[in-house]
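Student: Input file: protein_31.txt. Contents: compact mmCIF, N, CA and C atoms.
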# COMPACT_ATOMS: atom_id res chain seq x y z
N MET G 89 11.63 -5.26 37.99
CA MET G 89 12.56 -5.61 36.94
C MET G 89 13.34 -4.37 36.53
N ILE G 90 14.62 -4.47 36.50
CA ILE G 90 15.47 -3.35 36.14
C ILE G 90 15.88 -3.49 34.68
N ILE G 91 15.68 -2.41 33.94
CA ILE G 91 16.07 -2.41 32.53
C ILE G 91 17.40 -1.67 32.43
N THR G 92 18.37 -2.35 31.88
CA THR G 92 19.71 -1.78 31.76
C THR G 92 19.72 -0.68 30.69
N PRO G 93 20.66 0.24 30.77
CA PRO G 93 20.71 1.34 29.78
C PRO G 93 20.86 0.87 28.34
N ASP G 94 21.64 -0.19 28.12
CA ASP G 94 21.79 -0.66 26.74
C ASP G 94 20.49 -1.26 26.21
N LEU G 95 19.73 -1.93 27.09
CA LEU G 95 18.43 -2.48 26.67
C LEU G 95 17.44 -1.35 26.39
N LYS G 96 17.45 -0.29 27.20
CA LYS G 96 16.60 0.88 26.94
C LYS G 96 16.92 1.48 25.58
N GLN G 97 18.21 1.61 25.30
CA GLN G 97 18.62 2.18 24.03
C GLN G 97 18.19 1.27 22.87
N ASN G 98 18.35 -0.03 23.02
CA ASN G 98 17.95 -0.97 21.97
C ASN G 98 16.44 -0.94 21.75
N ILE G 99 15.67 -0.83 22.82
CA ILE G 99 14.21 -0.73 22.68
C ILE G 99 13.86 0.54 21.94
N PHE G 100 14.49 1.65 22.31
CA PHE G 100 14.22 2.92 21.64
C PHE G 100 14.53 2.83 20.15
N TYR G 101 15.70 2.28 19.79
CA TYR G 101 16.08 2.17 18.38
C TYR G 101 15.15 1.22 17.62
N THR G 102 14.73 0.15 18.27
CA THR G 102 13.80 -0.79 17.63
C THR G 102 12.49 -0.09 17.29
N VAL G 103 11.93 0.63 18.25
CA VAL G 103 10.68 1.35 18.01
C VAL G 103 10.88 2.43 16.96
N TYR G 104 11.97 3.18 17.08
CA TYR G 104 12.25 4.27 16.14
C TYR G 104 12.37 3.76 14.71
N PHE G 105 13.18 2.72 14.49
CA PHE G 105 13.38 2.22 13.14
C PHE G 105 12.14 1.52 12.59
N THR G 106 11.36 0.88 13.45
CA THR G 106 10.11 0.28 13.00
C THR G 106 9.13 1.34 12.53
N VAL G 107 9.00 2.40 13.30
CA VAL G 107 8.08 3.48 12.93
C VAL G 107 8.58 4.21 11.68
N SER G 108 9.88 4.52 11.62
CA SER G 108 10.38 5.25 10.47
C SER G 108 10.35 4.40 9.20
N HIS G 109 10.56 3.11 9.32
CA HIS G 109 10.53 2.20 8.17
C HIS G 109 9.11 2.05 7.63
N ASN G 110 8.12 2.11 8.50
CA ASN G 110 6.73 1.87 8.11
C ASN G 110 5.84 3.10 8.27
N PHE G 111 6.42 4.29 8.25
CA PHE G 111 5.65 5.50 8.51
C PHE G 111 4.48 5.67 7.54
N ALA G 112 4.73 5.48 6.25
CA ALA G 112 3.66 5.61 5.26
C ALA G 112 2.55 4.58 5.51
N ALA G 113 2.94 3.38 5.89
CA ALA G 113 1.93 2.35 6.17
C ALA G 113 1.05 2.75 7.35
N PHE G 114 1.64 3.37 8.38
CA PHE G 114 0.85 3.84 9.52
C PHE G 114 -0.12 4.95 9.10
N ILE G 115 0.33 5.83 8.22
CA ILE G 115 -0.55 6.90 7.71
C ILE G 115 -1.70 6.29 6.92
N TYR G 116 -1.40 5.35 6.03
CA TYR G 116 -2.46 4.70 5.25
C TYR G 116 -3.41 3.92 6.15
N LEU G 117 -2.88 3.26 7.17
CA LEU G 117 -3.73 2.52 8.10
C LEU G 117 -4.65 3.47 8.85
N THR G 118 -4.13 4.63 9.24
CA THR G 118 -4.97 5.64 9.89
C THR G 118 -6.07 6.10 8.93
N GLY G 119 -5.72 6.30 7.66
CA GLY G 119 -6.72 6.67 6.65
C GLY G 119 -7.77 5.61 6.48
N ILE G 120 -7.37 4.34 6.54
CA ILE G 120 -8.33 3.24 6.42
C ILE G 120 -9.30 3.26 7.60
N VAL G 121 -8.76 3.42 8.81
CA VAL G 121 -9.61 3.41 10.00
C VAL G 121 -10.59 4.59 9.97
N VAL G 122 -10.09 5.79 9.64
CA VAL G 122 -10.96 6.97 9.60
C VAL G 122 -12.03 6.82 8.52
N SER G 123 -11.62 6.37 7.32
CA SER G 123 -12.62 6.23 6.25
C SER G 123 -13.58 5.09 6.54
N LEU G 124 -13.14 4.06 7.26
CA LEU G 124 -14.05 2.98 7.65
C LEU G 124 -15.10 3.50 8.63
N VAL G 125 -14.67 4.34 9.56
CA VAL G 125 -15.63 4.95 10.49
C VAL G 125 -16.65 5.79 9.72
N PHE G 126 -16.17 6.60 8.77
CA PHE G 126 -17.09 7.39 7.94
C PHE G 126 -18.05 6.50 7.16
N ALA G 127 -17.52 5.40 6.61
CA ALA G 127 -18.35 4.49 5.81
C ALA G 127 -19.39 3.77 6.68
N LEU G 128 -19.04 3.49 7.94
CA LEU G 128 -20.00 2.82 8.82
C LEU G 128 -21.05 3.79 9.35
N ILE G 129 -20.64 5.03 9.63
CA ILE G 129 -21.59 6.02 10.15
C ILE G 129 -22.57 6.45 9.06
N LYS G 130 -22.04 6.84 7.92
CA LYS G 130 -22.88 7.29 6.82
C LYS G 130 -22.29 6.75 5.51
N PRO G 131 -22.75 5.59 5.08
CA PRO G 131 -22.18 5.01 3.87
C PRO G 131 -22.56 5.84 2.63
N THR G 132 -21.57 6.44 2.04
CA THR G 132 -21.77 7.20 0.81
C THR G 132 -20.72 6.76 -0.19
N ARG G 133 -20.89 7.21 -1.42
CA ARG G 133 -19.92 6.88 -2.46
C ARG G 133 -18.53 7.41 -2.11
N LYS G 134 -18.49 8.63 -1.60
CA LYS G 134 -17.18 9.23 -1.28
C LYS G 134 -16.48 8.49 -0.14
N SER G 135 -17.22 8.01 0.85
CA SER G 135 -16.57 7.29 1.95
C SER G 135 -16.04 5.93 1.48
N ILE G 136 -16.74 5.30 0.56
CA ILE G 136 -16.27 4.03 0.01
C ILE G 136 -15.06 4.25 -0.88
N PHE G 137 -15.08 5.31 -1.71
CA PHE G 137 -13.91 5.63 -2.53
C PHE G 137 -12.70 5.93 -1.66
N LEU G 138 -12.91 6.66 -0.59
CA LEU G 138 -11.82 6.99 0.33
C LEU G 138 -11.26 5.72 0.97
N LEU G 139 -12.14 4.84 1.42
CA LEU G 139 -11.71 3.57 2.02
C LEU G 139 -10.93 2.73 1.02
N LEU G 140 -11.46 2.57 -0.18
CA LEU G 140 -10.78 1.77 -1.20
C LEU G 140 -9.44 2.40 -1.59
N GLY G 141 -9.39 3.72 -1.66
CA GLY G 141 -8.15 4.39 -2.00
C GLY G 141 -7.06 4.12 -0.98
N PHE G 142 -7.37 4.23 0.30
CA PHE G 142 -6.37 3.97 1.33
C PHE G 142 -5.99 2.49 1.40
N ILE G 143 -6.93 1.60 1.13
CA ILE G 143 -6.60 0.17 1.10
C ILE G 143 -5.62 -0.11 -0.04
N ILE G 144 -5.87 0.46 -1.21
CA ILE G 144 -4.97 0.27 -2.34
C ILE G 144 -3.61 0.89 -2.06
N LEU G 145 -3.58 2.05 -1.42
CA LEU G 145 -2.30 2.69 -1.08
C LEU G 145 -1.49 1.84 -0.11
N LEU G 146 -2.17 1.26 0.89
CA LEU G 146 -1.45 0.39 1.83
C LEU G 146 -0.94 -0.86 1.13
N PHE G 147 -1.76 -1.44 0.26
CA PHE G 147 -1.33 -2.61 -0.50
C PHE G 147 -0.14 -2.25 -1.40
N SER G 148 -0.19 -1.08 -2.02
CA SER G 148 0.90 -0.64 -2.88
C SER G 148 2.20 -0.50 -2.09
N PHE G 149 2.11 0.06 -0.90
CA PHE G 149 3.29 0.20 -0.04
C PHE G 149 3.88 -1.17 0.28
N GLU G 150 3.04 -2.09 0.69
CA GLU G 150 3.50 -3.44 1.03
C GLU G 150 3.99 -4.19 -0.21
N TYR G 151 3.34 -3.97 -1.35
CA TYR G 151 3.76 -4.61 -2.60
C TYR G 151 5.18 -4.19 -2.94
N ASN G 152 5.44 -2.89 -2.90
CA ASN G 152 6.77 -2.39 -3.26
C ASN G 152 7.84 -2.84 -2.28
N LYS G 153 7.52 -2.95 -1.01
CA LYS G 153 8.52 -3.30 0.00
C LYS G 153 8.74 -4.81 0.13
N HIS G 154 7.67 -5.60 0.02
CA HIS G 154 7.78 -7.01 0.41
C HIS G 154 7.31 -8.01 -0.64
N ILE G 155 6.36 -7.67 -1.48
CA ILE G 155 5.72 -8.65 -2.36
C ILE G 155 6.36 -8.71 -3.73
N LEU G 156 6.82 -7.59 -4.25
CA LEU G 156 7.24 -7.45 -5.64
C LEU G 156 8.20 -8.53 -6.10
N GLU G 157 9.31 -8.67 -5.45
CA GLU G 157 10.35 -9.59 -5.92
C GLU G 157 9.90 -11.05 -5.82
N GLY G 158 9.25 -11.40 -4.74
CA GLY G 158 8.77 -12.78 -4.58
C GLY G 158 7.71 -13.14 -5.60
N LEU G 159 6.79 -12.22 -5.86
CA LEU G 159 5.74 -12.47 -6.85
C LEU G 159 6.34 -12.62 -8.25
N ARG G 160 7.31 -11.77 -8.56
CA ARG G 160 7.95 -11.85 -9.88
C ARG G 160 8.66 -13.19 -10.06
N GLU G 161 9.42 -13.58 -9.06
CA GLU G 161 10.14 -14.86 -9.14
C GLU G 161 9.18 -16.04 -9.21
N GLN G 162 8.14 -16.01 -8.39
CA GLN G 162 7.17 -17.11 -8.38
C GLN G 162 6.47 -17.22 -9.73
N THR G 163 6.08 -16.09 -10.30
CA THR G 163 5.39 -16.10 -11.59
C THR G 163 6.33 -16.60 -12.69
N LEU G 164 7.56 -16.13 -12.68
CA LEU G 164 8.52 -16.60 -13.69
C LEU G 164 8.79 -18.09 -13.56
N ASN G 165 8.93 -18.57 -12.32
CA ASN G 165 9.18 -20.00 -12.11
C ASN G 165 7.98 -20.85 -12.52
N ALA G 166 6.78 -20.31 -12.38
CA ALA G 166 5.58 -21.06 -12.76
C ALA G 166 5.40 -21.10 -14.28
N LEU G 167 5.77 -20.02 -14.95
CA LEU G 167 5.55 -19.94 -16.40
C LEU G 167 6.72 -20.46 -17.22
N ILE G 168 7.92 -20.29 -16.73
CA ILE G 168 9.10 -20.73 -17.47
C ILE G 168 9.71 -21.90 -16.72
N THR G 169 9.45 -23.12 -17.21
CA THR G 169 9.92 -24.30 -16.50
C THR G 169 11.14 -24.91 -17.17
N ILE G 170 11.00 -25.38 -18.39
CA ILE G 170 12.11 -26.07 -19.05
C ILE G 170 12.78 -25.17 -20.08
N GLN G 171 11.99 -24.69 -21.01
CA GLN G 171 12.54 -23.87 -22.09
C GLN G 171 12.44 -22.39 -21.72
N GLU G 172 13.46 -21.63 -22.06
CA GLU G 172 13.49 -20.19 -21.78
C GLU G 172 12.53 -19.46 -22.73
N HIS G 173 11.73 -18.56 -22.16
CA HIS G 173 10.80 -17.74 -22.93
C HIS G 173 11.09 -16.28 -22.60
N ASN G 174 11.89 -15.63 -23.42
CA ASN G 174 12.30 -14.26 -23.14
C ASN G 174 11.15 -13.27 -23.21
N LYS G 175 10.19 -13.50 -24.12
CA LYS G 175 9.04 -12.59 -24.22
C LYS G 175 8.19 -12.66 -22.95
N VAL G 176 7.98 -13.87 -22.46
CA VAL G 176 7.20 -14.04 -21.23
C VAL G 176 7.93 -13.36 -20.06
N ARG G 177 9.24 -13.56 -19.98
CA ARG G 177 10.03 -12.93 -18.92
C ARG G 177 9.93 -11.41 -19.00
N ARG G 178 10.01 -10.88 -20.21
CA ARG G 178 9.93 -9.43 -20.40
C ARG G 178 8.55 -8.89 -20.00
N VAL G 179 7.49 -9.58 -20.39
CA VAL G 179 6.13 -9.14 -20.05
C VAL G 179 5.92 -9.18 -18.53
N ILE G 180 6.36 -10.25 -17.89
CA ILE G 180 6.22 -10.36 -16.43
C ILE G 180 7.02 -9.26 -15.74
N ASN G 181 8.23 -8.99 -16.22
CA ASN G 181 9.04 -7.92 -15.63
C ASN G 181 8.39 -6.56 -15.81
N ILE G 182 7.81 -6.32 -16.97
CA ILE G 182 7.15 -5.03 -17.21
C ILE G 182 5.95 -4.88 -16.29
N ILE G 183 5.16 -5.93 -16.17
CA ILE G 183 3.95 -5.85 -15.33
C ILE G 183 4.32 -5.70 -13.85
N THR G 184 5.21 -6.58 -13.36
CA THR G 184 5.48 -6.58 -11.92
C THR G 184 6.45 -5.49 -11.49
N LEU G 185 7.40 -5.11 -12.34
CA LEU G 185 8.41 -4.14 -11.93
C LEU G 185 8.11 -2.71 -12.37
N LYS G 186 7.35 -2.55 -13.45
CA LYS G 186 7.11 -1.21 -13.97
C LYS G 186 5.66 -0.77 -13.82
N ALA G 187 4.71 -1.61 -14.24
CA ALA G 187 3.31 -1.19 -14.29
C ALA G 187 2.67 -1.13 -12.90
N LEU G 188 2.72 -2.23 -12.17
CA LEU G 188 2.05 -2.27 -10.86
C LEU G 188 2.59 -1.25 -9.86
N PRO G 189 3.92 -1.04 -9.76
CA PRO G 189 4.40 -0.02 -8.82
C PRO G 189 3.95 1.40 -9.16
N VAL G 190 3.57 1.64 -10.40
CA VAL G 190 3.07 2.97 -10.78
C VAL G 190 1.55 3.01 -10.70
N LEU G 191 0.89 1.97 -11.20
CA LEU G 191 -0.57 1.97 -11.27
C LEU G 191 -1.25 1.87 -9.90
N LEU G 192 -0.68 1.11 -8.98
CA LEU G 192 -1.32 0.96 -7.67
C LEU G 192 -1.39 2.28 -6.91
N PRO G 193 -0.28 3.02 -6.73
CA PRO G 193 -0.40 4.30 -6.03
C PRO G 193 -1.23 5.31 -6.80
N LEU G 194 -1.13 5.28 -8.13
CA LEU G 194 -1.92 6.19 -8.95
C LEU G 194 -3.41 5.93 -8.76
N THR G 195 -3.79 4.67 -8.71
CA THR G 195 -5.19 4.31 -8.49
C THR G 195 -5.63 4.71 -7.08
N GLY G 196 -4.80 4.42 -6.09
CA GLY G 196 -5.14 4.77 -4.70
C GLY G 196 -5.32 6.26 -4.53
N TRP G 197 -4.35 7.05 -4.99
CA TRP G 197 -4.47 8.51 -4.85
C TRP G 197 -5.59 9.05 -5.72
N GLY G 198 -5.86 8.40 -6.85
CA GLY G 198 -6.99 8.82 -7.69
C GLY G 198 -8.31 8.65 -6.96
N LEU G 199 -8.47 7.53 -6.26
CA LEU G 199 -9.71 7.31 -5.50
C LEU G 199 -9.82 8.27 -4.32
N VAL G 200 -8.70 8.54 -3.64
CA VAL G 200 -8.72 9.52 -2.54
C VAL G 200 -9.07 10.89 -3.09
N GLY G 201 -8.48 11.25 -4.23
CA GLY G 201 -8.80 12.54 -4.86
C GLY G 201 -10.25 12.62 -5.31
N LEU G 202 -10.76 11.52 -5.85
CA LEU G 202 -12.17 11.49 -6.27
C LEU G 202 -13.09 11.65 -5.07
N ALA G 203 -12.74 11.03 -3.95
CA ALA G 203 -13.54 11.20 -2.73
C ALA G 203 -13.51 12.64 -2.26
N ALA G 204 -12.34 13.27 -2.31
CA ALA G 204 -12.23 14.68 -1.92
C ALA G 204 -13.02 15.56 -2.87
N PHE G 205 -12.96 15.28 -4.16
CA PHE G 205 -13.72 16.04 -5.15
C PHE G 205 -15.22 15.93 -4.87
N LEU G 206 -15.69 14.71 -4.63
CA LEU G 206 -17.12 14.51 -4.34
C LEU G 206 -17.52 15.22 -3.05
N HIS G 207 -16.64 15.21 -2.07
CA HIS G 207 -16.92 15.87 -0.80
C HIS G 207 -17.08 17.37 -0.99
N PHE G 208 -16.13 17.99 -1.69
CA PHE G 208 -16.18 19.45 -1.85
C PHE G 208 -17.22 19.88 -2.88
N ARG G 209 -17.53 19.03 -3.84
CA ARG G 209 -18.60 19.34 -4.81
C ARG G 209 -19.96 19.37 -4.10
N ASN G 210 -20.17 18.45 -3.18
CA ASN G 210 -21.43 18.41 -2.46
C ASN G 210 -21.56 19.57 -1.48
N LYS G 211 -20.45 20.09 -0.97
CA LYS G 211 -20.50 21.23 -0.04
C LYS G 211 -20.91 22.51 -0.77
N GLU G 212 -20.53 22.66 -2.03
CA GLU G 212 -20.81 23.87 -2.78
C GLU G 212 -22.28 23.98 -3.15
N THR G 213 -22.96 22.87 -3.33
CA THR G 213 -24.36 22.92 -3.75
C THR G 213 -25.30 23.08 -2.59
Kindly transcribe the structure held in the file into structure tokens.
Tutor:
Amino acid sequence: MIITPDLKQNIFYTVYFTVSHNFAAFIYLTGIVVSLVFALIKPTRKSIFLLLGFIILLFSFEYNKHILEGLREQTLNALITIQEHNKVRRVINIITLKALPVLLPLTGWGLVGLAAFLHFRNKET
């Protein structure tokens, strides 16, 4: 099978843009796999914190890119049916647009940092 030059270029750009668009997700997935191996070999508190941290970071990445707007709209449509409720709309917007995009990565990196702290604290003793 002969691949034409334009198809080669299109394949290259497809792979390039897929990797560049999801680079952070690939890093978090690598962290999940590595921490899962650590957790399976020697289950400790730090390996579980590391695993949970990377899982939350990957979820946060996907939440910000793909879930946020749909979840906000779905929640608003479920709660506000006939009569307009501005307070409910404001609370949902604050939670979905402001709180979760900050709290999820903060929690994920906090757990990764806690795992690193536990790792280096145990090395010193």
Student: For range 110-113 of chain G, list every protein, DNA or RNA residue within 10 Å, evaluated using only C-alpha atoms, and leave out those in the same chain fewer than 2 positions away; present the list as a compact mmCIF listing (two decimals) with N, CA and C atoms, in the frame of the given file.
Tutor:
# COMPACT_ATOMS: atom_id res chain seq x y z
N PHE G 105 13.18 2.72 14.49
CA PHE G 105 13.38 2.22 13.14
C PHE G 105 12.14 1.52 12.59
N THR G 106 11.36 0.88 13.45
CA THR G 106 10.11 0.28 13.00
C THR G 106 9.13 1.34 12.53
N VAL G 107 9.00 2.40 13.30
CA VAL G 107 8.08 3.48 12.93
C VAL G 107 8.58 4.21 11.68
N SER G 108 9.88 4.52 11.62
CA SER G 108 10.38 5.25 10.47
C SER G 108 10.35 4.40 9.20
N ILE G 115 0.33 5.83 8.22
CA ILE G 115 -0.55 6.90 7.71
C ILE G 115 -1.70 6.29 6.92
N TYR G 116 -1.40 5.35 6.03
CA TYR G 116 -2.46 4.70 5.25
C TYR G 116 -3.41 3.92 6.15
N LEU G 117 -2.88 3.26 7.17
CA LEU G 117 -3.73 2.52 8.10
C LEU G 117 -4.65 3.47 8.85
N THR G 118 -4.13 4.63 9.24
CA THR G 118 -4.97 5.64 9.89
C THR G 118 -6.07 6.10 8.93
N GLY G 119 -5.72 6.30 7.66
CA GLY G 119 -6.72 6.67 6.65
C GLY G 119 -7.77 5.61 6.48
N PHE G 142 -7.37 4.23 0.30
CA PHE G 142 -6.37 3.97 1.33
C PHE G 142 -5.99 2.49 1.40
N LEU G 145 -3.58 2.05 -1.42
CA LEU G 145 -2.30 2.69 -1.08
C LEU G 145 -1.49 1.84 -0.11
N LEU G 146 -2.17 1.26 0.89
CA LEU G 146 -1.45 0.39 1.83
C LEU G 146 -0.94 -0.86 1.13
N PHE G 147 -1.76 -1.44 0.26
CA PHE G 147 -1.33 -2.61 -0.50
C PHE G 147 -0.14 -2.25 -1.40
N SER G 148 -0.19 -1.08 -2.02
CA SER G 148 0.90 -0.64 -2.88
C SER G 148 2.20 -0.50 -2.09
N PHE G 149 2.11 0.06 -0.90
CA PHE G 149 3.29 0.20 -0.04
C PHE G 149 3.88 -1.17 0.28
N GLU G 150 3.04 -2.09 0.69
CA GLU G 150 3.50 -3.44 1.03
C GLU G 150 3.99 -4.19 -0.21
N LYS G 153 7.52 -2.95 -1.01
CA LYS G 153 8.52 -3.30 0.00
C LYS G 153 8.74 -4.81 0.13
Student: Kindly give the distance, in Å, that separates CA of Tyr151 in chain G and CA of Ile183 in chain G, rounded to a single decimal.
Tutor: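 Separation of CA of Tyr151 in chain G and CA of Ile183 in chain G: 12.8 Å.
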Student: Can you work out which one of G:Leu159, G:Ile180, G:Leu140, G:Leu167 has the shortest atom-to-atom distance to Pro193 in chain G, counting only C-alpha atoms?
Tutor: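 Of all the options, G:Leu140 lies closest to Pro193 in chain G.
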Student: Provide an axis-aligned box for all listed atoms of range 147-163 of chain G, padding each side by 5 Å; report its centre and its edge lengths in Å to one decimal, as JSON.
Tutor:
{"center_x": 4.3, "center_y": -8.5, "center_z": -5.8, "size_x": 22.1, "size_y": 27.4, "size_z": 23.7}
Student: Could you work out how far CA of Phe208 in chain G lies from CA of Ile144 in chain G, giving the answer in Å with one decimal?
Tutor: 22.2 Å
Student: Between atom C of Val176 in chain G and atom N of Thr195 in chain G, what is the spacing in Å?
Tutor: 24.3 Å
Student: Can you list every residue in chain G that DSSP puts in alpha helix (DSSP H), as JSON, numbers by chain?
Tutor: {"G": [93, 94, 95, 96, 97, 98, 99, 100, 101, 102, 103, 104, 105, 106, 107, 108, 109, 111, 112, 113, 114, 115, 116, 117, 118, 119, 120, 121, 122, 123, 124, 125, 126, 127, 128, 129, 133, 134, 135, 136, 137, 138, 139, 140, 141, 142, 143, 144, 145, 146, 147, 148, 149, 150, 156, 157, 158, 159, 160, 161, 162, 163, 164, 165, 166, 167, 174, 175, 176, 177, 178, 179, 180, 181, 188, 189, 190, 191, 192, 193, 194, 195, 196, 197, 198, 199, 200, 201, 202, 203, 204, 205, 206, 207, 208, 209, 210, 211, 212]}
Student: Using only C-alpha atoms, pick whichever of G:Leu128, G:Leu156, G:Ala204, G:Ile168 has the shortest atom-to-atom distance to Pro189 in chain G.
Tutor: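 Closest to Pro189 in chain G of all the choices is G:Leu156.
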Student: Go through G:Ile136, G:Ile91, G:Thr102, G:Leu124 and flag the residue nearest Ala203 in chain G, using only C-alpha atoms for the distances.
Tutor: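 For Ala203 in chain G, the nearest of the given residues is G:Ile136.
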Student: Find the residue from G:Thr184, G:Gln171, G:Ile143, G:His109 that sits nearest to Gly196 in chain G; use only N, CA and C atoms when measuring.
Tutor: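 Selected residue with least distance to Gly196 in chain G: G:Ile143.
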Student: Of the residues G:Gly141, G:Gly158, G:Pro131, G:Pro93, which is the one nearest to Gly198 in chain G, using only N, CA and C atoms?
Tutor: G:Gly141
Student: Kindly indicate which residue among G:Ile99, G:Ala127, G:Leu185, G:Val190 lies nearest to Glu161 in chain G, using only C-alpha atoms for the distances.
Tutor: G:Leu185
